[in-house]
Structures are given as C-alpha cells and as structure tokens.
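Undergrad: Below you'll find start-v4.cif; it's mmCIF, C-alpha atoms.
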data_protein
loop_
_atom_site.label_atom_id
_atom_site.label_comp_id
_atom_site.auth_asym_id
_atom_site.auth_seq_id
_atom_site.Cartn_x
_atom_site.Cartn_y
_atom_site.Cartn_z
CA MET A 1 -109.47 28.52 25.00
CA GLU A 2 -105.99 29.11 26.36
CA GLY A 3 -106.97 32.71 26.95
CA HIS A 4 -109.76 31.55 29.26
CA GLN A 5 -107.39 29.17 31.02
CA ARG A 6 -104.89 31.98 31.66
CA ASN A 7 -107.62 34.18 33.09
CA GLN A 8 -109.07 31.60 35.48
CA SER A 9 -107.73 33.28 38.60
CA LEU A 10 -109.22 36.59 37.47
CA TYR A 11 -112.58 34.98 36.67
CA ASP A 12 -112.48 33.48 40.15
CA ARG A 13 -111.87 36.92 41.61
CA PHE A 14 -115.00 38.19 39.84
CA ASN A 15 -117.06 35.19 40.90
CA ALA A 16 -117.30 33.76 37.39
CA ARG A 17 -116.81 30.38 35.79
CA VAL A 18 -116.19 29.51 32.15
CA VAL A 19 -117.24 26.70 29.81
CA GLY A 20 -116.65 26.00 26.14
CA VAL A 21 -119.40 24.48 24.00
CA SER A 22 -119.24 22.73 20.62
CA VAL A 23 -120.98 19.96 18.72
CA ASP A 24 -117.99 17.64 19.15
CA ASP A 25 -118.41 14.42 21.11
CA VAL A 26 -116.99 14.25 24.64
CA THR A 27 -114.06 12.02 23.70
CA THR A 28 -112.77 14.47 21.08
CA LEU A 29 -113.23 17.35 23.47
CA LYS A 30 -111.33 15.48 26.19
CA TYR A 31 -108.34 14.94 23.91
CA TRP A 32 -108.34 18.60 22.98
CA ALA A 33 -108.74 19.76 26.58
CA LYS A 34 -105.82 17.56 27.57
CA SER A 35 -103.63 18.90 24.76
CA LEU A 36 -104.27 22.45 25.98
CA ASP A 37 -104.15 21.54 29.68
CA LEU A 38 -107.57 23.05 30.26
CA THR A 39 -109.02 22.76 33.74
CA PHE A 40 -112.47 24.16 32.96
CA PRO A 41 -115.19 22.04 31.35
CA LEU A 42 -115.94 21.75 27.66
CA LEU A 43 -119.52 20.78 26.95
CA SER A 44 -120.66 18.51 24.15
CA ASN A 45 -123.84 19.69 22.46
CA LEU A 46 -124.25 17.06 19.76
CA THR A 47 -127.76 18.09 18.79
CA GLY A 48 -126.85 21.76 18.73
CA PHE A 49 -129.96 22.93 20.62
CA LEU A 50 -128.02 25.27 22.89
CA GLY A 51 -126.23 26.80 19.96
CA SER A 52 -129.53 27.35 18.19
CA TYR A 53 -130.88 29.17 21.25
CA PHE A 54 -127.88 31.48 21.25
CA GLY A 55 -128.00 32.03 17.51
CA VAL A 56 -124.67 30.37 16.71
CA GLY A 57 -126.26 28.04 14.13
CA PRO A 58 -124.34 26.25 11.39
CA SER A 59 -121.11 28.05 10.57
CA PRO A 60 -120.24 28.84 6.94
CA GLU A 61 -116.60 27.90 7.66
CA ILE A 62 -116.97 24.18 7.19
CA LYS A 63 -119.35 23.40 4.34
CA GLY A 64 -121.93 20.72 4.88
CA PHE A 65 -121.10 20.18 8.55
CA PRO A 66 -123.29 21.90 11.11
CA VAL A 67 -120.87 23.44 13.58
CA PHE A 68 -121.26 26.48 15.79
CA SER A 69 -119.91 29.85 14.86
CA ARG A 70 -117.82 31.59 17.48
CA LYS A 71 -119.63 33.55 20.15
CA THR A 72 -119.13 34.37 23.81
CA VAL A 73 -121.96 35.11 26.19
CA ILE A 74 -121.97 36.02 29.87
CA ILE A 75 -124.89 34.94 32.02
CA ASP A 76 -125.20 36.48 35.46
CA LYS A 77 -126.01 34.56 38.63
CA ARG A 78 -129.70 35.20 38.12
CA GLY A 79 -129.71 33.44 34.76
CA ILE A 80 -129.95 36.61 32.66
CA ILE A 81 -127.80 36.99 29.56
CA ARG A 82 -125.82 40.16 30.08
CA TYR A 83 -123.21 40.09 27.32
CA ALA A 84 -123.00 38.57 23.86
CA LYS A 85 -120.20 38.98 21.33
CA ASP A 86 -119.72 37.21 18.01
CA GLY A 87 -116.31 36.07 16.86
CA GLU A 88 -113.21 35.30 18.89
CA PRO A 89 -113.45 36.04 22.60
CA ASP A 90 -112.46 39.52 23.62
CA PHE A 91 -110.70 38.47 26.83
CA LYS A 92 -110.01 41.97 28.04
CA GLY A 93 -113.59 43.01 27.27
CA ILE A 94 -114.90 40.01 29.21
CA LEU A 95 -112.82 40.89 32.26
CA LEU A 96 -113.88 44.53 32.17
CA PHE A 97 -117.51 43.46 31.89
CA LEU A 98 -117.21 41.02 34.78
CA LYS A 99 -115.59 43.68 36.91
CA GLN A 100 -118.38 46.10 36.12
CA MET A 101 -121.03 43.46 36.77
CA ASN A 102 -119.46 42.60 40.08
CA LYS A 103 -119.44 46.26 41.07
CA GLU A 104 -123.13 46.52 40.28
CA GLY A 105 -123.77 43.44 42.39
CA GLY A 106 -124.85 41.45 39.39
CA LYS A 107 -128.08 43.43 38.95
CA PRO A 108 -129.21 43.78 35.32
CA MET B 1 -136.53 57.12 -27.64
CA ARG B 2 -132.92 57.51 -26.69
CA GLY B 3 -133.95 59.83 -23.86
CA LYS B 4 -136.33 57.17 -22.47
CA THR B 5 -133.53 54.57 -22.50
CA VAL B 6 -131.26 56.95 -20.62
CA LEU B 7 -134.02 57.54 -18.06
CA LYS B 8 -134.54 53.79 -17.62
CA TRP B 9 -130.85 53.24 -16.95
CA LEU B 10 -130.77 56.15 -14.50
CA TRP B 11 -133.68 54.66 -12.52
CA LEU B 12 -131.96 51.28 -12.43
CA PHE B 13 -128.71 52.91 -11.25
CA LEU B 14 -130.56 54.72 -8.48
CA VAL B 15 -132.30 51.57 -7.33
CA LEU B 16 -129.02 49.63 -7.28
CA LEU B 17 -127.35 52.34 -5.21
CA LEU B 18 -130.19 52.55 -2.74
CA VAL B 19 -130.64 48.82 -2.09
CA PRO B 20 -127.48 48.30 0.07
CA ILE B 21 -128.03 51.42 2.15
CA SER B 22 -131.69 50.67 2.69
CA GLY B 23 -130.81 47.41 4.45
CA PHE B 24 -133.21 45.44 2.27
CA GLY B 25 -132.65 41.75 2.82
CA ALA B 26 -130.49 42.38 5.91
CA LYS B 27 -131.08 39.85 8.65
CA GLN B 28 -132.66 41.33 11.74
CA GLU B 29 -131.00 39.53 14.64
CA LYS B 30 -132.79 39.45 17.95
CA SER B 31 -130.54 40.66 20.73
CA LEU B 32 -129.95 38.08 23.45
CA VAL B 33 -128.94 40.53 26.12
CA GLY B 34 -131.60 40.80 28.79
CA GLU B 35 -133.11 37.43 27.95
CA GLU B 36 -133.25 34.56 30.41
CA VAL B 37 -130.83 31.75 29.61
CA LEU B 38 -132.10 28.36 28.49
CA TYR B 39 -131.39 25.99 31.37
CA PHE B 40 -129.31 23.11 30.09
CA SER B 41 -127.62 19.88 31.10
CA LEU B 42 -124.83 18.64 28.87
CA PRO B 43 -122.10 16.00 29.01
CA SER B 44 -118.70 17.44 29.76
CA THR B 45 -114.98 16.70 29.63
CA GLN B 46 -115.05 16.36 33.42
CA ASP B 47 -116.82 12.99 33.31
CA ARG B 48 -120.11 14.36 34.54
CA LEU B 49 -123.28 15.92 33.26
CA ILE B 50 -123.10 19.65 33.87
CA SER B 51 -126.39 21.24 34.75
CA TYR B 52 -126.62 25.02 34.66
CA LEU B 53 -129.11 25.06 37.51
CA ASN B 54 -127.04 22.89 39.83
CA GLU B 55 -123.59 24.26 39.09
CA TYR B 56 -123.97 27.95 38.27
CA TYR B 57 -127.43 29.38 38.90
CA GLY B 58 -127.41 31.51 42.02
CA LYS B 59 -123.67 30.89 42.54
CA TYR B 60 -121.52 32.14 39.69
CA HIS B 61 -121.65 34.27 36.59
CA LEU B 62 -121.06 32.01 33.61
CA ILE B 63 -118.95 32.73 30.57
CA MET B 64 -119.87 30.48 27.67
CA THR B 65 -117.78 30.38 24.52
CA PHE B 66 -119.21 28.57 21.52
CA PHE B 67 -116.63 27.30 19.05
CA PRO B 68 -116.82 25.35 15.77
CA ALA B 69 -114.62 22.35 16.53
CA ALA B 70 -111.91 20.94 18.73
CA PHE B 71 -108.34 21.27 17.44
CA THR B 72 -109.12 24.53 15.66
CA PRO B 73 -107.59 27.83 16.75
CA ILE B 74 -109.65 29.97 19.08
CA MET C 1 -135.54 67.20 -20.49
CA LYS C 2 -136.08 68.82 -17.09
CA LYS C 3 -137.09 65.43 -15.63
CA ARG C 4 -133.88 63.91 -16.94
CA TRP C 5 -131.72 66.54 -15.28
CA VAL C 6 -133.54 66.15 -11.98
CA LEU C 7 -132.88 62.42 -12.13
CA VAL C 8 -129.19 62.99 -12.92
CA LEU C 9 -128.95 65.35 -9.93
CA ILE C 10 -130.61 62.81 -7.62
CA ALA C 11 -128.30 60.08 -8.90
CA VAL C 12 -125.20 62.21 -8.25
CA MET C 13 -126.42 63.07 -4.72
CA VAL C 14 -127.13 59.42 -3.89
CA LEU C 15 -123.72 58.41 -5.27
CA GLY C 16 -122.08 61.07 -3.15
CA LEU C 17 -123.92 59.84 -0.07
CA TRP C 18 -122.85 56.28 -0.82
CA LEU C 19 -119.21 57.20 -1.29
CA SER C 20 -119.10 59.40 1.81
CA GLY C 21 -118.86 56.23 3.89
CA CYS C 22 -115.61 55.24 2.20
CA ALA C 23 -112.31 55.22 4.10
CA THR C 24 -110.20 58.35 3.97
CA THR C 25 -106.56 58.31 3.04
CA GLU C 26 -105.27 59.47 6.43
CA ALA C 27 -101.86 58.03 7.22
CA PRO C 28 -101.85 55.52 10.13
CA LYS C 29 -100.26 56.76 13.35
CA LYS C 30 -96.84 55.25 14.18
CA PRO C 31 -96.95 53.12 17.33
CA TYR C 32 -93.46 54.19 18.44
CA ARG C 33 -91.20 57.16 18.96
CA MET C 34 -87.53 57.61 19.76
CA SER C 35 -86.45 58.77 23.19
CA PRO C 36 -83.64 61.37 23.66
CA GLN C 37 -81.46 58.45 24.84
CA GLY C 38 -81.92 56.67 21.49
CA THR C 39 -84.24 53.95 22.76
CA VAL C 40 -87.59 53.06 21.22
CA ILE C 41 -90.73 53.93 23.18
CA TRP C 42 -93.51 51.64 21.90
CA ASN C 43 -97.11 52.75 22.53
CA ASP C 44 -95.85 54.48 25.71
CA GLU C 45 -95.77 51.03 27.25
CA PHE C 46 -92.43 49.41 26.33
CA GLU C 47 -88.91 50.70 25.96
CA PHE C 48 -86.02 48.90 24.30
CA LYS C 49 -82.80 49.39 22.35
CA PRO C 50 -83.57 49.48 18.61
CA PRO C 51 -82.04 46.82 16.35
CA PRO C 52 -79.86 47.88 13.36
CA SER C 53 -81.66 49.47 10.42
CA ALA C 54 -81.66 46.26 8.35
CA TRP C 55 -84.41 44.96 10.66
CA LYS C 56 -87.91 46.08 9.65
CA ILE C 57 -90.81 46.44 12.06
CA ILE C 58 -93.66 43.95 11.83
CA GLN C 59 -96.83 44.52 13.74
CA VAL C 60 -99.84 42.30 14.07
CA GLU C 61 -103.34 43.39 14.84
CA VAL C 62 -104.85 42.33 18.13
CA GLY C 63 -105.64 38.63 18.15
CA GLY C 64 -102.61 37.59 16.15
CA GLU C 65 -99.93 35.26 17.33
CA PHE C 66 -97.67 38.00 18.68
CA GLY C 67 -97.71 41.75 19.30
CA PHE C 68 -94.82 43.22 17.36
CA GLY C 69 -91.35 42.38 16.19
CA PHE C 70 -88.61 42.81 13.63
CA LEU C 71 -87.86 40.98 10.42
CA LYS C 72 -84.74 40.78 8.27
CA ALA C 73 -84.24 39.09 4.94
CA ASP C 74 -80.95 37.21 5.03
CA ARG C 75 -78.53 36.37 2.24
CA GLY C 76 -79.10 33.06 0.62
CA PRO C 77 -81.90 31.11 -1.05
CA PHE C 78 -85.43 30.83 0.35
CA PRO C 79 -86.34 30.66 3.21
CA SER C 80 -83.42 32.70 4.54
CA GLN C 81 -84.83 35.18 7.00
CA SER C 82 -84.66 36.08 10.66
CA MET C 83 -87.44 37.40 12.82
CA PHE C 84 -87.80 38.22 16.50
CA VAL C 85 -90.89 39.24 18.39
CA TYR C 86 -92.28 40.19 21.76
CA ASP C 87 -95.33 38.15 22.73
CA GLU C 88 -97.53 39.13 25.69
CA GLU C 89 -99.48 35.87 25.53
CA PRO C 90 -97.24 33.02 24.36
CA PHE C 91 -98.80 29.60 23.82
CA GLY C 92 -99.66 27.79 27.02
CA CYS C 93 -101.32 28.65 30.32
CA SER C 94 -98.97 27.86 33.19
CA THR C 95 -97.43 30.68 35.23
CA GLU C 96 -94.41 28.49 36.02
CA LEU C 97 -91.65 29.14 33.46
CA GLY C 98 -90.44 25.58 32.95
CA GLU C 99 -93.95 24.22 32.56
CA ARG C 100 -94.92 27.05 30.25
CA GLY C 101 -91.88 26.27 28.12
CA GLY C 102 -93.12 22.71 27.71
CA GLU C 103 -96.61 23.89 26.79
CA PHE C 104 -95.18 26.46 24.42
CA PHE C 105 -93.14 24.02 22.41
CA LYS C 106 -96.16 21.75 21.96
CA ARG C 107 -97.72 24.48 19.84
CA TYR C 108 -94.79 26.61 18.61
CA LEU C 109 -94.61 26.70 14.80
CA TRP C 110 -97.77 24.58 14.84
CA SER C 111 -98.59 25.47 11.26
CA THR C 112 -95.28 24.13 9.92
CA ALA C 113 -93.85 20.63 9.72
CA MET C 114 -91.03 21.79 12.06
CA ILE C 115 -93.20 21.04 15.03
CA ALA C 116 -92.89 17.34 14.36
CA ASP C 117 -89.10 17.38 14.65
CA MET C 118 -88.33 20.15 17.18
CA LYS C 119 -85.30 19.47 19.39
CA ILE C 120 -84.29 21.45 22.46
CA LEU C 121 -80.58 22.27 22.20
CA GLU C 122 -80.10 24.40 25.28
CA LYS C 123 -82.03 25.53 28.34
CA LYS C 124 -80.79 27.95 30.97
CA ASN C 125 -81.98 30.40 33.58
CA VAL C 126 -81.53 34.06 32.72
CA SER C 127 -82.42 37.41 34.18
CA VAL C 128 -85.04 39.24 32.14
CA LEU C 129 -87.43 42.15 32.81
CA GLY C 130 -85.83 42.58 36.18
CA GLY C 131 -86.68 39.07 37.31
CA GLU C 132 -86.22 35.40 36.66
CA GLY C 133 -86.39 34.07 33.14
CA LEU C 134 -85.78 30.98 31.09
CA ALA C 135 -83.93 30.88 27.74
CA VAL C 136 -84.45 27.90 25.43
CA VAL C 137 -82.70 27.26 22.12
CA ALA C 138 -84.36 24.78 19.79
CA GLU C 139 -84.00 23.57 16.25
CA GLY C 140 -86.58 22.16 13.88
CA LYS C 141 -86.08 20.44 10.54
CA ASP C 142 -88.39 19.67 7.65
CA SER C 143 -86.70 16.98 5.59
CA VAL C 144 -89.44 17.06 2.94
CA LYS C 145 -89.13 20.78 2.15
CA LYS C 146 -85.40 20.66 3.01
CA GLU C 147 -85.69 23.59 5.43
CA LYS C 148 -84.61 24.15 9.01
CA VAL C 149 -85.17 26.73 11.70
CA GLN C 150 -83.22 27.65 14.79
CA SER C 151 -85.10 29.44 17.49
CA LYS C 152 -84.29 31.09 20.78
CA VAL C 153 -87.17 31.70 23.17
CA VAL C 154 -86.83 33.73 26.36
CA PHE C 155 -89.64 33.49 28.89
CA GLY C 156 -90.10 36.13 31.55
CA LYS C 157 -92.81 37.49 33.81
CA ARG C 158 -94.99 40.54 33.68
CA GLY C 159 -96.82 40.55 36.97
CA ASP C 160 -98.20 37.04 37.35
CA ARG C 161 -98.28 36.29 33.66
CA VAL C 162 -95.63 34.75 31.48
CA VAL C 163 -94.44 36.71 28.44
CA ALA C 164 -91.96 35.64 25.80
CA PHE C 165 -89.44 36.94 23.32
CA TYR C 166 -88.56 34.66 20.45
CA LEU C 167 -86.22 34.68 17.51
CA THR C 168 -86.63 32.35 14.56
CA GLN C 169 -83.99 32.02 11.89
CA TRP C 170 -85.01 30.08 8.80
CA ARG C 171 -82.54 28.45 6.43
CA PRO C 172 -82.48 25.86 3.66
CA MET C 173 -81.29 22.52 5.02
CA ASP C 174 -77.68 23.09 3.93
CA GLY C 175 -77.61 26.75 4.99
CA THR C 176 -75.61 28.18 7.92
CA TYR C 177 -77.10 30.11 10.79
CA ASP C 178 -76.01 33.67 11.47
CA PRO C 179 -75.08 34.20 15.14
CA SER C 180 -75.18 38.02 14.81
CA ALA C 181 -79.01 37.88 14.66
CA PHE C 182 -78.97 36.13 18.02
CA GLU C 183 -76.77 38.91 19.43
CA VAL C 184 -79.23 41.55 18.21
CA PHE C 185 -82.07 39.55 19.77
CA ASP C 186 -80.22 39.24 23.09
CA GLN C 187 -79.76 43.00 23.10
CA PHE C 188 -83.50 43.46 22.42
CA TRP C 189 -84.84 41.39 25.29
CA GLY C 190 -81.94 42.41 27.54
CA SER C 191 -82.82 46.09 27.18
CA PHE C 192 -86.62 45.61 27.23
CA ARG C 193 -88.52 47.26 30.03
CA TYR C 194 -92.08 48.18 30.88
CA LEU C 195 -93.12 51.80 31.28
CA LYS C 196 -96.46 51.07 32.89
CA LYS C 197 -98.51 48.25 34.39
CA SER C 198 -100.31 45.85 32.05
CA PHE C 199 -104.07 45.63 31.70
CA TYR C 200 -104.10 42.41 33.73
CA GLU C 201 -102.00 43.86 36.54
CA THR C 202 -104.30 46.86 36.75
CA ILE C 203 -107.56 44.92 36.68
CA ALA C 204 -106.30 42.51 39.34
CA GLN C 205 -105.37 45.37 41.64
CA ASP C 206 -108.42 47.60 41.35
CA PRO C 207 -111.27 46.86 43.78
#
How does the structure come out when it is put into structure tokens?

TA:
Amino acid sequence: MEGHQRNQSLYDRFNARVVGVSVDDVTTLKYWAKSLDLTFPLLSNLTGFLGSYFGVGPSPEIKGFPVFSRKTVIIDKRGIIRYAKDGEPDFKGILLFLKQMNKEGGKP
Amino acid sequence: MRGKTVLKWLWLFLVLLLVPISGFGAKQEKSLVGEEVLYFSLPSTQDRLISYLNEYYGKYHLIMTFFPAAFTPI
Amino acid sequence: MKKRWVLVLIAVMVLGLWLSGCATTEAPKKPYRMSPQGTVIWNDEFEFKPPPSAWKIIQVEVGGEFGFGFLKADRGPFPSQSMFVYDEEPFGCSTELGERGGEFFKRYLWSTAMIADMKILEKKNVSVLGGEGLAVVAEGKDSVKKEKVQSKVVFGKRGDRVVAFYLTQWRPMDGTYDPSAFEVFDQFWGSFRYLKKSFYETIAQDP
C-alpha cells in the first residue's frame, strides 16, 4: 500500500483515485492505515461480496480463513473494468496504463 | 502376454504425458476486462461509507487493490 | 510388433514435445559493466565506484526489499556480516527527508527483533546525489538471540522521490564493529550518480 501512497500525486495527475479492499473490520484497517500513514481509503468488505465479484475469493495463504487473494483492477470513469492483474500491484504498469487511458480519453 | 503388458504401460505413459498439456481440469477464468463494475458502498477508514457511484463514477478512474489482511506485506 | 513400435515412436515424440518447453541453460546476462575509468555502470542507469573484491554483489528481483547491493562475510562467529544496498523505494511515503526517516525506521528490519530496540545514534545533513541528504546511524540489539546490528542509512532524492542507501553490520552481542565497512559504504553512496532519468521522472514529465 505504500507504493500507492507514494504514487498519489501521479494518480492525481492522471485523474485517478485508489482504494484498498479487504475483509478486515474498519478498526483494524484504521490502525494499519495509521501505521503506514495512508491518506487514501481502505474499504472493509466483511461479507466478501465485492471480492467474489472480482474473483479474488478465499486465498490459499491462510487456511480456514476466507481472505482475499491479491489483485489490482482499474475501473474507468464510465464504470468499465479496464485492467486486472493478480498478485502484488505492478505500480509502474498501473501508471503506464493510466497514462495510456488518459491519452485515449478514457474510452474503452 | 509380455508384449500386451508393455503396450498397456505405453498407453498409460502417453495419457499421463498428454493430460497436463491438454489443460484438462484447468480452471477457465472469465476475464473481467470490459465488464461493468459492480456498484458498491462500503465502510471505510475515513469514517464514512464510500459509494462508488457518489465518489468515483463519472469523476475519476479508480484503482482497487484487494489484499488478504491488514499488517501483511503488500 | 509394428503396433508396438508405432506406439514407442508416438511416446518419444510426445515426450520431446513436453520437454521442449523446459528452460534452456543460457547464462544470465550481467547487469553491470566496468567503465574505462574503473567505475561500475549498472544497467546503464547508475554509476559508482566499486567496493573492494571481498564484497560480493547481491541482486533482488523486482518487488524485493531493495534493488541491489554488496555483501561481505566478516571474521567472527555468526552473524558476522556486512551488507550495503541501494534502495529506490525505501519504506515510507513522505518526500520530506526527516519525515521519511521516521517512517523508515518504523519498518526497517521489521522481520527481526531488532526493530523493537532500535536506537538512533547520530543524524546529520549530508550532500548526496548532487543534492540534500540525511545520514542516520542506528543500532539495534536482540538480547534473546544475543545479536546486534549497527546501521547507517543515507536518504537522498531522485527527482521528487526519496531513495536510500543503507549499510547493516551484524555482530554477536559481544562482537566489535568494523569501521572500514562504513568507509567503503561512504565511498559507494558518495560516488553514486544517475546516468538517466527514472521511470517516475519520465512519466511525470511526458504529456
């Protein structure tokens, strides 16, 4: 998440915002956000419905506890999913994609 | 008899080699790209409910990173 | 008989097809070369004075905690070793050096017990990468494992972003630190320079 925090000014330049999503409760997320000095929101999806929609269902990493696997998606202003990548965020890839999307005027 | 056993083993060998490259049992994941996002409202660390429609739709591109748990490396 | 041979031939062909996807034994390309002046040119992006030959290169794949560095096994019992690295994305987010230093030390050596007992010994402004920098010397101790570490971290700027060089020297609790490693490290970051703009500088500038 620090990578996203460092890139905030660049996201702003490309007219983008960022959020993190997990199944943690808000209180836990707040403590974590504070420890990392994050200024963007972290969302609490306790029921996991949003994760299910994006196919990040229960992760094999922690047995017996339904957590999300890592994935980053980019949704354009029109609500269309334009980018999806499993695993750790590819920060440079995200910036290049945003730049390209901005050039195209956000059209799919 | 021995020849038939050798043939049986050869067939089994062939089948075992072909299974991984045939993609049998491989999960077919539906690509999300191009799909419309599911509009959501979720509680956030900023002491408010964040609604995709109110905060981002029509205004900003949104980067969403899903992660397993707080206090884990990402 | 003929059927058997046909089957053997098919099996060999399928095996060959399967194995053709295997990795070749091509030697990986070196990320550096030596300049005529005796400096190291790393990925055509960085240039610096090389450390003495006792220091071995360590390189981490993208996504690791640092980019590249040098490691030396020191005399003495475990965990006697020294390591220094260049890190394009040190822990933390602030672009202000002092603040970033604070954020950095909240997470530095997070996987060891040292983080619980890390003390800042010295802090001073330095000139690095042609601009302002901040050098911090810290020491951590693990009284359970009876180990200690002394570390020097130098923060500098590349464009708008903070980068860092850091040296860690590990010793058993009753071991003595070797100041010559710190001299080698000072020479490393002191001679370090960029040969081209970073990805972030380029993407920020382009329309």

Undergrad: List the residues matched by the PyMOL selection byres ((chain C and resi 190) around 9) in the displayed structure as a PyMOL selection string, ordered by chain and then by residue number.

TA: chain C and resi 48-49+127-129+185-189+191-193

Undergrad: Return as number ranges by chain the set of residues that the PyMOL selection byres ((chain A) within 6 of (chain B)) yields on the displayed structure.

TA: A: 15-22, 26, 30, 41-44, 67-83

Undergrad: Spell out the residues picked by the PyMOL selection byres ((chain C) within 9 of (chain A)) here, as a PyMOL selection string.

TA: chain C and resi 63+89+91-95+103+106+161+199-200+203-204+207

Undergrad: Would you give me, as a PyMOL selection string, the residues of chain C that come within 9 Å of chain B, using only C-alpha atoms?

TA: chain C and resi 1+3-4+7-8+10-11+14-15+18

Undergrad: Of the candidates C:Pro31, C:Gly140, C:Pro36, C:Gly156, which one gets nearest to C:Glu88 if we count all atoms listed in the file?

TA: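 Selected residue with least distance to C:Glu88: C:Gly156.
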
Undergrad: Kindly give the distance, in Å, that separates atom CA of C:Glu45 and atom CA of C:Val162, rounded to a single decimal.

TA: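 We find that atom CA of C:Glu45 and atom CA of C:Val162 lie 16.8 Å from each other.
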
Undergrad: So the first atom is atom CA of A:Val23 and the second is atom CA of A:Thr39; what is the distance between them in Å, to one decimal place?

TA: 19.4 Å

Undergrad: Using Å and a single decimal, report how far atom CA of C:Gly130 sits from atom CA of C:Val85.

TA: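 Between these atoms lies a distance of 18.8 Å.
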
Undergrad: When you look at C:Asp44 with a cut-off of 12 Å (counting only C-alpha atoms), what residues show up, excluding the ones that are within fewer than 6 positions of it in the same chain? I need them as JSON, numbers by chain.

TA: {"C": [30, 31, 32, 33, 34, 35, 193, 194, 195, 196, 197, 198]}

Undergrad: Residues within 10 Å of C:Gly98, please, as a list in words. Count all atoms listed in the file; anything in the same chain fewer than 4 positions from it doesn't count.

TA: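 Neighbouring residues, sequence-local ones excluded: Ser94, Gly102, Glu103, Phe104, Lys123, Asn125, Gly133, Leu134, Ala135, Val136 and Phe155 of chain C.
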
Undergrad: Hey, can you spit out that residue selection with C-alpha atoms as an mmCIF file, in the coordinates of the input?

TA:
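For reference, out.cif as written:
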data_model
loop_
_atom_site.group_PDB
_atom_site.id
_atom_site.type_symbol
_atom_site.label_atom_id
_atom_site.label_comp_id
_atom_site.auth_asym_id
_atom_site.auth_seq_id
_atom_site.Cartn_x
_atom_site.Cartn_y
_atom_site.Cartn_z
ATOM 1 C CA SER C 94 -98.970 27.860 33.190
ATOM 2 C CA GLY C 102 -93.120 22.710 27.710
ATOM 3 C CA GLU C 103 -96.610 23.890 26.790
ATOM 4 C CA PHE C 104 -95.180 26.460 24.420
ATOM 5 C CA LYS C 123 -82.030 25.530 28.340
ATOM 6 C CA ASN C 125 -81.980 30.400 33.580
ATOM 7 C CA GLY C 133 -86.390 34.070 33.140
ATOM 8 C CA LEU C 134 -85.780 30.980 31.090
ATOM 9 C CA ALA C 135 -83.930 30.880 27.740
ATOM 10 C CA VAL C 136 -84.450 27.900 25.430
ATOM 11 C CA PHE C 155 -89.640 33.490 28.890
#
